[in-house]
Amino acid sequence: MTDVDNAKLKKIRALLDMAEGEGLSPEAAENYRLKAYELMAKYGIEQALLDAAKPGSDKPADRIINLDNPWSMEKVRLMNGLAQAMGCELIHLGRSEAGGRKVHVFGHESDLQRMDILFTSLLLQMFRELARTPVPPYDTPRAFRRSWIMGFADKVSVRVGEAERRARNEAAEMTADGRSTALVLADRKALVRRAFEDAYPRRRNGGRTTMRGRGYGAGAAAGARADIGGARVGSSARGAIAR
C-alpha cells in the first residue's frame, strides 16, 4: 500500500471518528459517515483505473472464508449482499469443519479489501443493535432475531449498492486507451465472473429463504441507520477475509 493510499484511509478513519463524537446530532454523524463511504467508493474506482493503466497492480484474487456460529448462515447472506454490491462473486460451500459456514469469494484485491473492512464493521454494528432490541412477546427469540438479521443484511446491501452506483455515475475519467470508467469496471466484473464460473461451472442457485419471525422490518430499519463507511481503518481488529 502506498503513502497516498494510507493517507486516504487515514482520512476515512478520521471522518468515522468524527461521526462517533459525543454530542453530535444524528444528521451531522450521518453526513460524516456518508462522506467516509463516498471516499471509500472513490478509492475502489481509483484502484480500478490504476490497474487499467498499469495492468497487474490490482490483481483478481479469491478467498475461502469460514464464518463462525452463531448465525453463520445469516452472515453468509450479509457477505453475499456486500459481494454483489462491490463487484465480487460468492458461493456458499456448506458447513465448515468448525460447524459454521464456508464461502468462496472472488474479486480484485482492492474490492476484497473494501468488502473486508465493511463486513467486519457491519457485524459489530449488527450484533450491538440486535442485543439492544427486545424480543416481542408474540415471537420466539430465535425466530425474531433471525428475521431481524435478515432484514438488516438486505437493507445494508441495498444501501451499499446504491452508494457504489452513485460513485460510478459520478466518475467521468477516461483511461489511456480511451475506455470510460464504466467500461473499465464492467471489464473487471466480467473478469471476476469468468474466474468464478471457471471454478464452479456446475453450481446451483440457492433455494428460497423462509423465515417465521417478524423482526425483518425492525432489522431493516437498523440497517438503514447503519454506518456503511466501514470499520476504523487500521484498527487492530482482524478482518473477516484478510489473508
# chains A, B, ... in the order shown; residues from 1 in each chain; ligands from 1
>>> residues_around(residues="region 73-86 of chain A", least_positions_apart="2", cutoff="6 Å", atoms="only C-alpha atoms", output="list of chain:residue names")
A:Trp71, A:Cys88, A:Glu89, A:Leu90, A:Ala153, A:Ser157, A:Gly161
>>> select_by_dssp(residues="region 74-134 of chain A", states="helix (DSSP H, G or I)", output="ChimeraX atom specification")
/A:74-85,109-132
>>> closest_atom_pairs(of="region 50-76 of chain A", to="region 92-108 of chain A", cutoff="8 Å", atoms="only C-alpha atoms", output="tab-separated table")
residue	atom	partner	partner_atom	distance
A:Asp58	CA	A:His108	CA	6.2
A:Lys59	CA	A:His108	CA	5.5
A:Pro60	CA	A:His108	CA	4.0
A:Ala61	CA	A:His108	CA	5.5
A:Asp62	CA	A:Phe106	CA	4.3
A:Arg63	CA	A:Val105	CA	5.2
A:Ile64	CA	A:His104	CA	4.4
A:Ile65	CA	A:Val103	CA	5.3
A:Asn66	CA	A:Lys102	CA	4.6
A:Leu67	CA	A:Arg101	CA	5.2
A:Asp68	CA	A:Gly100	CA	4.6
A:Asn69	CA	A:Gly100	CA	5.1
A:Pro70	CA	A:Gly100	CA	7.7
A:Ser72	CA	A:Gly100	CA	5.5
A:Met73	CA	A:Arg101	CA	6.4
A:Val76	CA	A:His92	CA	7.4
>>> atom_distance(atom1="CA of Leu9 (chain A)", atom2="CA of Leu123 (chain A)")
20.1 Å
>>> atom_distance(atom1="CA of Leu50 (chain A)", atom2="CA of Glu162 (chain A)")
23.2 Å
>>> atom_distance(atom1="CA of Arg193 (chain A)", atom2="CA of Met115 (chain A)")
16.7 Å
>>> select_by_dssp(residues="region 97-180 of chain A", states="strand (DSSP E)", output="list of chain:residue names")
A:Arg101, A:Lys102, A:Val103, A:His104, A:Val105, A:Phe106, A:Gly107, A:His108
>>> write_last_selection(atoms="all heavy atoms", output="tab-separated table (two decimals), in the first residue's frame")
chain	number	residue	atom	x	y	z
A	101	ARG	N	-20.20	-21.93	8.61
A	101	ARG	CA	-20.41	-21.98	7.16
A	101	ARG	C	-19.14	-21.57	6.44
A	101	ARG	O	-18.34	-20.78	6.96
A	101	ARG	CB	-21.56	-21.06	6.75
A	101	ARG	CG	-22.90	-21.48	7.31
A	101	ARG	CD	-23.47	-22.70	6.61
A	101	ARG	NE	-24.62	-23.26	7.31
A	101	ARG	CZ	-25.39	-24.22	6.79
A	101	ARG	NH1	-25.14	-24.69	5.58
A	101	ARG	NH2	-26.40	-24.69	7.48
A	102	LYS	N	-18.97	-22.11	5.23
A	102	LYS	CA	-17.79	-21.81	4.43
A	102	LYS	C	-18.23	-21.19	3.11
A	102	LYS	O	-19.17	-21.68	2.46
A	102	LYS	CB	-17.01	-23.10	4.16
A	102	LYS	CG	-15.71	-22.90	3.39
A	102	LYS	CD	-15.05	-24.24	3.07
A	102	LYS	CE	-14.60	-24.96	4.31
A	102	LYS	NZ	-13.84	-26.19	3.99
A	103	VAL	N	-17.57	-20.11	2.71
A	103	VAL	CA	-17.86	-19.46	1.43
A	103	VAL	C	-16.56	-19.24	0.67
A	103	VAL	O	-15.47	-19.21	1.26
A	103	VAL	CB	-18.59	-18.11	1.63
A	103	VAL	CG1	-19.94	-18.30	2.28
A	103	VAL	CG2	-17.74	-17.13	2.42
A	104	HIS	N	-16.68	-19.10	-0.63
A	104	HIS	CA	-15.55	-18.80	-1.51
A	104	HIS	C	-15.88	-17.50	-2.24
A	104	HIS	O	-16.90	-17.42	-2.91
A	104	HIS	CB	-15.34	-19.94	-2.51
A	104	HIS	CG	-13.99	-19.93	-3.16
A	104	HIS	ND1	-13.56	-20.96	-3.97
A	104	HIS	CD2	-12.97	-19.02	-3.14
A	104	HIS	CE1	-12.34	-20.69	-4.42
A	104	HIS	NE2	-11.97	-19.52	-3.93
A	105	VAL	N	-15.04	-16.49	-2.05
A	105	VAL	CA	-15.30	-15.17	-2.60
A	105	VAL	C	-14.24	-14.83	-3.64
A	105	VAL	O	-13.04	-15.06	-3.43
A	105	VAL	CB	-15.29	-14.08	-1.51
A	105	VAL	CG1	-15.76	-12.74	-2.08
A	105	VAL	CG2	-16.17	-14.48	-0.35
A	106	PHE	N	-14.69	-14.28	-4.77
A	106	PHE	CA	-13.81	-13.87	-5.87
A	106	PHE	C	-13.93	-12.36	-6.06
A	106	PHE	O	-15.03	-11.80	-6.00
A	106	PHE	CB	-14.21	-14.58	-7.17
A	106	PHE	CG	-14.02	-16.06	-7.15
A	106	PHE	CD1	-14.91	-16.88	-6.47
A	106	PHE	CD2	-12.96	-16.66	-7.82
A	106	PHE	CE1	-14.74	-18.27	-6.45
A	106	PHE	CE2	-12.79	-18.03	-7.82
A	106	PHE	CZ	-13.68	-18.84	-7.13
A	107	GLY	N	-12.80	-11.70	-6.33
A	107	GLY	CA	-12.83	-10.27	-6.60
A	107	GLY	C	-11.43	-9.74	-6.76
A	107	GLY	O	-10.45	-10.46	-6.54
A	108	HIS	N	-11.30	-8.48	-7.17
A	108	HIS	CA	-9.99	-7.86	-7.21
A	108	HIS	C	-9.53	-7.54	-5.80
A	108	HIS	O	-10.34	-7.36	-4.89
A	108	HIS	CB	-10.03	-6.59	-8.07
A	108	HIS	CG	-10.06	-6.89	-9.54
A	108	HIS	ND1	-11.22	-7.28	-10.18
A	108	HIS	CD2	-9.09	-6.86	-10.49
A	108	HIS	CE1	-10.95	-7.48	-11.47
A	108	HIS	NE2	-9.66	-7.24	-11.67
>>> residues_around(residues="region 135-148 of chain A", least_positions_apart="5", cutoff="10 Å", atoms="only C-alpha atoms", output="list of chain:residue names")
A:Trp71, A:Met73, A:Glu74, A:Met126, A:Leu130, A:Ala153, A:Thr210, A:Met211, A:Arg212, A:Gly213, A:Arg214, A:Gly215, A:Tyr216, A:Gly217, A:Ala218, A:Gly219, A:Ala220, A:Ala221, A:Ala222, A:Gly223
>>> write_last_selection(atoms="all heavy atoms", output="short mmCIF file (atom, residue, chain, number, x, y, z; two decimals), in the first residue's frame")
data_model
loop_
_atom_site.label_atom_id
_atom_site.label_comp_id
_atom_site.auth_asym_id
_atom_site.auth_seq_id
_atom_site.Cartn_x
_atom_site.Cartn_y
_atom_site.Cartn_z
N TRP A 71 -25.34 -17.70 14.05
CA TRP A 71 -25.89 -17.00 12.89
C TRP A 71 -24.95 -17.06 11.68
O TRP A 71 -24.87 -16.10 10.91
CB TRP A 71 -26.22 -15.54 13.24
CG TRP A 71 -27.05 -15.37 14.46
CD1 TRP A 71 -26.66 -14.82 15.64
CD2 TRP A 71 -28.42 -15.79 14.65
NE1 TRP A 71 -27.69 -14.84 16.55
CE2 TRP A 71 -28.78 -15.44 15.97
CE3 TRP A 71 -29.36 -16.42 13.82
CZ2 TRP A 71 -30.04 -15.69 16.48
CZ3 TRP A 71 -30.61 -16.68 14.35
CH2 TRP A 71 -30.95 -16.31 15.65
N MET A 73 -25.22 -18.76 8.88
CA MET A 73 -25.92 -18.70 7.60
C MET A 73 -26.39 -17.28 7.30
O MET A 73 -26.38 -16.84 6.15
CB MET A 73 -27.12 -19.66 7.61
CG MET A 73 -27.70 -19.93 6.23
SD MET A 73 -26.50 -20.75 5.15
CE MET A 73 -26.97 -20.09 3.56
N GLU A 74 -26.79 -16.56 8.32
CA GLU A 74 -27.20 -15.17 8.13
C GLU A 74 -26.01 -14.29 7.80
O GLU A 74 -26.13 -13.30 7.06
CB GLU A 74 -27.92 -14.67 9.39
CG GLU A 74 -29.31 -15.28 9.60
CD GLU A 74 -29.27 -16.76 9.94
OE1 GLU A 74 -28.32 -17.20 10.65
OE2 GLU A 74 -30.18 -17.50 9.51
N MET A 126 -24.24 -4.73 13.74
CA MET A 126 -25.43 -5.57 13.70
C MET A 126 -25.68 -6.24 15.05
O MET A 126 -26.79 -6.19 15.59
CB MET A 126 -25.28 -6.64 12.62
CG MET A 126 -26.48 -7.55 12.46
SD MET A 126 -26.27 -8.70 11.08
CE MET A 126 -25.09 -9.87 11.79
N LEU A 130 -28.69 -5.64 17.66
CA LEU A 130 -29.54 -6.79 17.96
C LEU A 130 -29.65 -7.01 19.46
O LEU A 130 -30.73 -7.32 19.99
CB LEU A 130 -29.00 -8.04 17.28
CG LEU A 130 -29.81 -9.33 17.45
CD1 LEU A 130 -31.22 -9.16 16.90
CD2 LEU A 130 -29.11 -10.49 16.76
N ALA A 153 -29.32 -7.27 6.97
CA ALA A 153 -28.41 -7.61 5.88
C ALA A 153 -28.94 -7.12 4.53
O ALA A 153 -28.19 -6.57 3.72
CB ALA A 153 -28.19 -9.13 5.84
N THR A 210 -36.80 -18.98 3.82
CA THR A 210 -38.05 -18.76 4.55
C THR A 210 -37.72 -18.33 5.97
O THR A 210 -36.64 -18.61 6.49
CB THR A 210 -38.89 -20.05 4.59
OG1 THR A 210 -38.13 -21.08 5.24
CG2 THR A 210 -39.26 -20.50 3.19
N MET A 211 -38.67 -17.63 6.59
CA MET A 211 -38.48 -17.21 7.98
C MET A 211 -39.84 -17.13 8.67
O MET A 211 -40.85 -16.79 8.05
CB MET A 211 -37.76 -15.86 8.05
CG MET A 211 -38.43 -14.73 7.31
SD MET A 211 -37.43 -13.23 7.38
CE MET A 211 -38.33 -12.21 6.18
N ARG A 212 -39.83 -17.43 9.97
CA ARG A 212 -41.06 -17.41 10.74
C ARG A 212 -41.17 -16.16 11.60
O ARG A 212 -42.26 -15.73 11.94
CB ARG A 212 -41.14 -18.66 11.63
CG ARG A 212 -41.24 -19.96 10.87
CD ARG A 212 -41.56 -21.11 11.82
NE ARG A 212 -40.53 -21.24 12.85
CZ ARG A 212 -39.42 -21.96 12.70
NH1 ARG A 212 -39.21 -22.60 11.56
NH2 ARG A 212 -38.54 -22.05 13.67
N GLY A 213 -40.05 -15.61 11.99
CA GLY A 213 -40.06 -14.45 12.87
C GLY A 213 -40.54 -13.20 12.17
O GLY A 213 -40.55 -13.11 10.95
N ARG A 214 -40.92 -12.21 12.99
CA ARG A 214 -41.44 -10.96 12.44
C ARG A 214 -40.56 -9.76 12.80
O ARG A 214 -41.04 -8.67 13.04
CB ARG A 214 -42.88 -10.75 12.94
CG ARG A 214 -43.87 -11.69 12.25
CD ARG A 214 -45.27 -11.56 12.82
NE ARG A 214 -45.40 -12.30 14.08
CZ ARG A 214 -46.54 -12.38 14.76
NH1 ARG A 214 -47.62 -11.74 14.35
NH2 ARG A 214 -46.61 -13.07 15.89
N GLY A 215 -39.25 -10.01 12.79
CA GLY A 215 -38.32 -8.94 13.10
C GLY A 215 -37.68 -8.30 11.88
O GLY A 215 -36.82 -7.43 12.01
N TYR A 216 -38.11 -8.72 10.67
CA TYR A 216 -37.45 -8.25 9.45
C TYR A 216 -37.52 -6.71 9.34
O TYR A 216 -36.51 -6.06 9.02
CB TYR A 216 -38.12 -8.88 8.23
CG TYR A 216 -37.41 -8.61 6.92
CD1 TYR A 216 -36.48 -9.51 6.43
CD2 TYR A 216 -37.68 -7.47 6.17
CE1 TYR A 216 -35.81 -9.28 5.22
CE2 TYR A 216 -37.01 -7.22 4.98
CZ TYR A 216 -36.09 -8.13 4.51
OH TYR A 216 -35.44 -7.88 3.33
N GLY A 217 -38.68 -6.14 9.60
CA GLY A 217 -38.82 -4.69 9.47
C GLY A 217 -37.94 -3.93 10.44
O GLY A 217 -37.32 -2.92 10.08
N ALA A 218 -37.87 -4.40 11.68
CA ALA A 218 -37.01 -3.75 12.67
C ALA A 218 -35.54 -3.88 12.28
O ALA A 218 -34.76 -2.94 12.45
CB ALA A 218 -37.25 -4.35 14.05
N GLY A 219 -35.16 -5.03 11.74
CA GLY A 219 -33.78 -5.21 11.29
C GLY A 219 -33.45 -4.31 10.10
O GLY A 219 -32.36 -3.74 10.03
N ALA A 220 -34.40 -4.18 9.19
CA ALA A 220 -34.19 -3.31 8.03
C ALA A 220 -34.05 -1.86 8.48
O ALA A 220 -33.23 -1.10 7.92
CB ALA A 220 -35.35 -3.46 7.05
N ALA A 221 -34.82 -1.46 9.48
CA ALA A 221 -34.71 -0.10 9.99
C ALA A 221 -33.33 0.14 10.60
O ALA A 221 -32.73 1.20 10.43
CB ALA A 221 -35.80 0.17 11.03
N ALA A 222 -32.81 -0.86 11.31
CA ALA A 222 -31.46 -0.74 11.86
C ALA A 222 -30.42 -0.70 10.74
O ALA A 222 -29.43 0.02 10.82
CB ALA A 222 -31.17 -1.91 12.80
N GLY A 223 -30.65 -1.47 9.68
CA GLY A 223 -29.75 -1.43 8.53
C GLY A 223 -29.74 -0.09 7.84
O GLY A 223 -28.73 0.35 7.30
#
>>> closest_residue(among="A:Glu22, A:Arg204, A:Ile228, A:Gly87", to="Val192 (chain A)", atoms="only C-alpha atoms")
A:Gly87
>>> closest_residue(among="A:Val158, A:Ala53, A:Ala28, A:Ala7", to="Arg179 (chain A)", atoms="only C-alpha atoms")
A:Ala53
>>> residues_around(residues="Tyr43 (chain A)", least_positions_apart="2", cutoff="10 Å", atoms="only C-alpha atoms", output="number ranges by chain")
A: 5, 8-9, 37-41, 45-49, 110-111, 114, 167
>>> closest_residue(among="A:Ser57, A:Ala131, A:Arg194, A:Lys42", to="Arg165 (chain A)", atoms="only C-alpha atoms")
A:Lys42
>>> decode(residues="region 148-160 of chain A", atoms="all heavy atoms", output="mmCIF file, in the first residue's frame")
data_model
loop_
_atom_site.group_PDB
_atom_site.id
_atom_site.type_symbol
_atom_site.label_atom_id
_atom_site.label_comp_id
_atom_site.auth_asym_id
_atom_site.auth_seq_id
_atom_site.Cartn_x
_atom_site.Cartn_y
_atom_site.Cartn_z
ATOM 1 N N TRP A 148 -34.709 -10.540 12.023
ATOM 2 C CA TRP A 148 -34.119 -9.211 12.233
ATOM 3 C C TRP A 148 -32.796 -9.097 11.481
ATOM 4 O O TRP A 148 -32.559 -8.112 10.780
ATOM 5 C CB TRP A 148 -33.908 -8.988 13.729
ATOM 6 C CG TRP A 148 -33.521 -7.590 14.124
ATOM 7 C CD1 TRP A 148 -34.346 -6.625 14.635
ATOM 8 C CD2 TRP A 148 -32.210 -7.005 14.071
ATOM 9 N NE1 TRP A 148 -33.621 -5.475 14.891
ATOM 10 C CE2 TRP A 148 -32.313 -5.679 14.558
ATOM 11 C CE3 TRP A 148 -30.966 -7.465 13.657
ATOM 12 C CZ2 TRP A 148 -31.223 -4.814 14.637
ATOM 13 C CZ3 TRP A 148 -29.862 -6.611 13.725
ATOM 14 C CH2 TRP A 148 -29.997 -5.309 14.211
ATOM 15 N N ILE A 149 -31.938 -10.111 11.635
ATOM 16 C CA ILE A 149 -30.630 -10.094 10.960
ATOM 17 C C ILE A 149 -30.810 -10.080 9.443
ATOM 18 O O ILE A 149 -30.092 -9.371 8.723
ATOM 19 C CB ILE A 149 -29.784 -11.308 11.391
ATOM 20 C CG1 ILE A 149 -29.392 -11.180 12.870
ATOM 21 C CG2 ILE A 149 -28.531 -11.430 10.532
ATOM 22 C CD1 ILE A 149 -28.744 -12.426 13.445
ATOM 23 N N MET A 150 -31.778 -10.852 8.946
ATOM 24 C CA MET A 150 -32.014 -10.880 7.503
ATOM 25 C C MET A 150 -32.466 -9.515 6.995
ATOM 26 O O MET A 150 -32.036 -9.048 5.926
ATOM 27 C CB MET A 150 -33.038 -11.963 7.169
ATOM 28 C CG MET A 150 -32.497 -13.365 7.393
ATOM 29 S SD MET A 150 -33.769 -14.656 7.353
ATOM 30 C CE MET A 150 -34.240 -14.610 5.642
ATOM 31 N N GLY A 151 -33.318 -8.838 7.752
ATOM 32 C CA GLY A 151 -33.737 -7.501 7.369
ATOM 33 C C GLY A 151 -32.573 -6.529 7.355
ATOM 34 O O GLY A 151 -32.423 -5.711 6.440
ATOM 35 N N PHE A 152 -31.720 -6.609 8.377
ATOM 36 C CA PHE A 152 -30.531 -5.757 8.454
ATOM 37 C C PHE A 152 -29.621 -5.991 7.248
ATOM 38 O O PHE A 152 -29.181 -5.054 6.585
ATOM 39 C CB PHE A 152 -29.785 -6.052 9.751
ATOM 40 C CG PHE A 152 -28.550 -5.217 9.969
ATOM 41 C CD1 PHE A 152 -28.595 -4.069 10.750
ATOM 42 C CD2 PHE A 152 -27.333 -5.581 9.414
ATOM 43 C CE1 PHE A 152 -27.460 -3.298 10.968
ATOM 44 C CE2 PHE A 152 -26.186 -4.825 9.609
ATOM 45 C CZ PHE A 152 -26.245 -3.669 10.389
ATOM 46 N N ALA A 153 -29.323 -7.267 6.969
ATOM 47 C CA ALA A 153 -28.412 -7.610 5.879
ATOM 48 C C ALA A 153 -28.940 -7.120 4.533
ATOM 49 O O ALA A 153 -28.191 -6.565 3.717
ATOM 50 C CB ALA A 153 -28.190 -9.126 5.842
ATOM 51 N N ASP A 154 -30.206 -7.318 4.282
ATOM 52 C CA ASP A 154 -30.776 -6.916 2.996
ATOM 53 C C ASP A 154 -30.757 -5.401 2.831
ATOM 54 O O ASP A 154 -30.418 -4.888 1.755
ATOM 55 C CB ASP A 154 -32.207 -7.444 2.867
ATOM 56 C CG ASP A 154 -32.264 -8.949 2.697
ATOM 57 O OD1 ASP A 154 -31.195 -9.582 2.561
ATOM 58 O OD2 ASP A 154 -33.379 -9.505 2.716
ATOM 59 N N LYS A 155 -31.121 -4.671 3.878
ATOM 60 C CA LYS A 155 -31.167 -3.210 3.773
ATOM 61 C C LYS A 155 -29.780 -2.623 3.584
ATOM 62 O O LYS A 155 -29.572 -1.731 2.748
ATOM 63 C CB LYS A 155 -31.820 -2.623 5.030
ATOM 64 C CG LYS A 155 -31.993 -1.100 4.977
ATOM 65 C CD LYS A 155 -32.927 -0.694 3.848
ATOM 66 C CE LYS A 155 -33.183 0.791 3.845
ATOM 67 N NZ LYS A 155 -34.099 1.192 2.748
ATOM 68 N N VAL A 156 -28.817 -3.110 4.341
ATOM 69 C CA VAL A 156 -27.447 -2.615 4.210
ATOM 70 C C VAL A 156 -26.901 -2.896 2.809
ATOM 71 O O VAL A 156 -26.247 -2.040 2.200
ATOM 72 C CB VAL A 156 -26.552 -3.254 5.293
ATOM 73 C CG1 VAL A 156 -25.092 -3.117 4.932
ATOM 74 C CG2 VAL A 156 -26.811 -2.606 6.643
ATOM 75 N N SER A 157 -27.181 -4.078 2.288
ATOM 76 C CA SER A 157 -26.681 -4.431 0.945
ATOM 77 C C SER A 157 -27.253 -3.497 -0.110
ATOM 78 O O SER A 157 -26.544 -3.086 -1.036
ATOM 79 C CB SER A 157 -27.038 -5.886 0.627
ATOM 80 O OG SER A 157 -26.433 -6.775 1.544
ATOM 81 N N VAL A 158 -28.529 -3.158 0.018
ATOM 82 C CA VAL A 158 -29.141 -2.209 -0.925
ATOM 83 C C VAL A 158 -28.467 -0.848 -0.825
ATOM 84 O O VAL A 158 -28.147 -0.217 -1.841
ATOM 85 C CB VAL A 158 -30.655 -2.085 -0.645
ATOM 86 C CG1 VAL A 158 -31.249 -0.908 -1.411
ATOM 87 C CG2 VAL A 158 -31.373 -3.368 -1.038
ATOM 88 N N ARG A 159 -28.213 -0.384 0.398
ATOM 89 C CA ARG A 159 -27.573 0.927 0.579
ATOM 90 C C ARG A 159 -26.170 0.952 -0.007
ATOM 91 O O ARG A 159 -25.774 1.924 -0.652
ATOM 92 C CB ARG A 159 -27.509 1.276 2.068
ATOM 93 C CG ARG A 159 -28.850 1.568 2.703
ATOM 94 C CD ARG A 159 -28.666 1.903 4.178
ATOM 95 N NE ARG A 159 -27.901 3.134 4.337
ATOM 96 C CZ ARG A 159 -27.175 3.418 5.422
ATOM 97 N NH1 ARG A 159 -27.099 2.553 6.416
ATOM 98 N NH2 ARG A 159 -26.527 4.561 5.494
ATOM 99 N N VAL A 160 -25.401 -0.114 0.204
ATOM 100 C CA VAL A 160 -24.042 -0.171 -0.342
ATOM 101 C C VAL A 160 -24.085 -0.181 -1.866
ATOM 102 O O VAL A 160 -23.306 0.504 -2.532
ATOM 103 C CB VAL A 160 -23.291 -1.406 0.194
ATOM 104 C CG1 VAL A 160 -21.943 -1.568 -0.506
ATOM 105 C CG2 VAL A 160 -23.076 -1.284 1.700
#
